[in-house]
Amino acid sequence: MSDKVLGPGPHTRVRRLPEKARYDEDTINAILDEARFCTLAGVVDGLAMALPTLHAREGRTLYLHGSQSNALMKSVLAARRAALCVTIYDGLRLARSGFESSIAYRSAVVVGAVRLIGEEREKARVLDLFVDAVLAGRSSEVRPMTSQEQRLTMVLALTIEEASAKVSAGPTDDPVEDQALEIWSGVVPARMVFGAPIASSDGAMASGTVELPESLRRLLDNPS
């Protein structure tokens, strides 16, 4: 397998609409990085479960974090292996029939080995990665995490062993016999937007003199 190809693998091969599949690392990483959260899958007490949670990527490693009492995270750590997925909603693909109508999206499925991040300095560095994954540059603006906060947080590293992406985009796939119908068809793009910041009103913020941080200014200036 090429160093730049992450699939297909036995757990991530795209079987339905394989023409939408992407297995190159650049496409998969771009989707993982743009997605605001992931969904982690595992088995807890014999029941398949899924948990939406934050993630941060560094090379071929995805980091996950949660409470030390998180049952699903403890389960995938015990199994030493996990699967997760992300989806980015890009809009509507409205065909002339309900059967061909769909949504525009980009998704990725990842499978890999899981390990616990326990060493304090590595854990602190990874937790800062999470802060910056939510808002780039924010980790340098907030107070450092306390030792107690670190102890309360479980951090897992998932090494990507196989992955696939699926991309649904472009015009609808109306069959030729439908194209003469006078029914509107086309694509309606969608994207996430950020509204005007609403400042806290407690403590030092009550004075109204605390300025917007640079990280938030950059986000508002470049919302995409």
# chains A, B, ... in the order shown; residues from 1 in each chain; ligands from 1
$ residues_around --residues "Ala133 of chain A" --least-positions-apart "2" --cutoff "12 Å" --atoms "only C-alpha atoms" --output "ChimeraX atom specification"
/A:32-37,54-58,62-64,126-131,135-139,215
$ write_last_selection --atoms "C-alpha atoms" --output "tab-separated table (two decimals), in the first residue's frame"
chain	number	residue	atom	x	y	z
A	32	LEU	CA	-10.97	14.93	9.49
A	33	ASP	CA	-9.49	18.39	10.06
A	34	GLU	CA	-12.55	20.32	8.88
A	35	ALA	CA	-15.07	18.24	10.83
A	36	ARG	CA	-15.99	19.91	14.11
A	37	PHE	CA	-16.50	16.62	15.95
A	54	LEU	CA	-14.05	16.19	19.90
A	55	HIS	CA	-10.93	15.04	18.10
A	56	ALA	CA	-7.57	16.47	17.08
A	57	ARG	CA	-5.27	15.08	14.40
A	58	GLU	CA	-1.48	15.02	14.27
A	62	LEU	CA	-6.16	11.03	16.11
A	63	TYR	CA	-6.49	12.13	19.73
A	64	LEU	CA	-9.70	11.73	21.73
A	126	VAL	CA	-2.24	17.04	23.44
A	127	LEU	CA	-4.86	18.81	25.57
A	128	ASP	CA	-3.60	22.10	24.15
A	129	LEU	CA	-4.06	20.58	20.67
A	130	PHE	CA	-7.74	20.04	21.54
A	131	VAL	CA	-8.14	23.65	22.58
A	135	LEU	CA	-10.38	27.61	17.98
A	136	ALA	CA	-6.94	28.01	16.44
A	137	GLY	CA	-4.53	29.87	18.75
A	138	ARG	CA	-6.81	29.74	21.78
A	139	SER	CA	-4.47	27.61	23.93
A	215	SER	CA	-7.97	33.91	17.95
$ residues_around --residues "segment 80-82 of chain A" --least-positions-apart "5" --cutoff "9 Å" --atoms "only C-alpha atoms" --output "list in words"
Leu40, Ala41, Gly42, Ser75, Val110, Val111, Gly112, Ala113, Val114, Arg115 and Leu158 of chain A
$ closest_residue --among "A:Thr12, A:Thr39, A:Ser107, A:Ser67" --to "Ser168 of chain A" --atoms "only C-alpha atoms"
A:Ser107
$ select_by_dssp --residues "segment 60-99 of chain A" --states "strand (DSSP E or B)" --output "list in words"
Thr61, Leu62, Tyr63, Leu64, His65, Gly66, Ser67, Arg81, Ala82, Ala83, Leu84, Cys85, Val86, Thr87, Ile88, Tyr89, Asp90, Gly91, Leu92, Arg93 and Leu94 of chain A
$ closest_residue --among "A:Ser97, A:Gln150, A:Ser140, A:Thr61" --to "Glu177 of chain A" --atoms "only C-alpha atoms"
A:Ser97
$ closest_residue --among "A:Ala50, A:Val193, A:Asp90, A:Arg22" --to "Val5 of chain A" --atoms "only C-alpha atoms"
A:Arg22
$ atom_distance --atom1 "atom CA of His65 of chain A" --atom2 "atom CA of Met154 of chain A"
5.5 Å
$ residues_around --residues "segment 100-102 of chain A" --least-positions-apart "4" --cutoff "8 Å" --atoms "only C-alpha atoms" --output "PyMOL selection string"
chain A and resi 92-96+172-174
$ write_last_selection --atoms "C-alpha atoms" --output "CSV table (one decimal), in the first residue's frame"
chain,number,residue,atom,x,y,z
A,92,LEU,CA,-28.9,19.5,-0.8
A,93,ARG,CA,-28.8,17.6,-4.0
A,94,LEU,CA,-32.4,17.8,-5.3
A,95,ALA,CA,-33.2,15.5,-8.3
A,96,ARG,CA,-36.4,15.2,-10.3
A,172,THR,CA,-27.7,15.2,-9.4
A,173,ASP,CA,-27.7,11.9,-11.3
A,174,ASP,CA,-31.1,12.1,-13.0
$ select_by_dssp --residues "segment 64-99 of chain A" --states "helix (DSSP H, G or I)" --output "ChimeraX atom specification"
/A:71-79
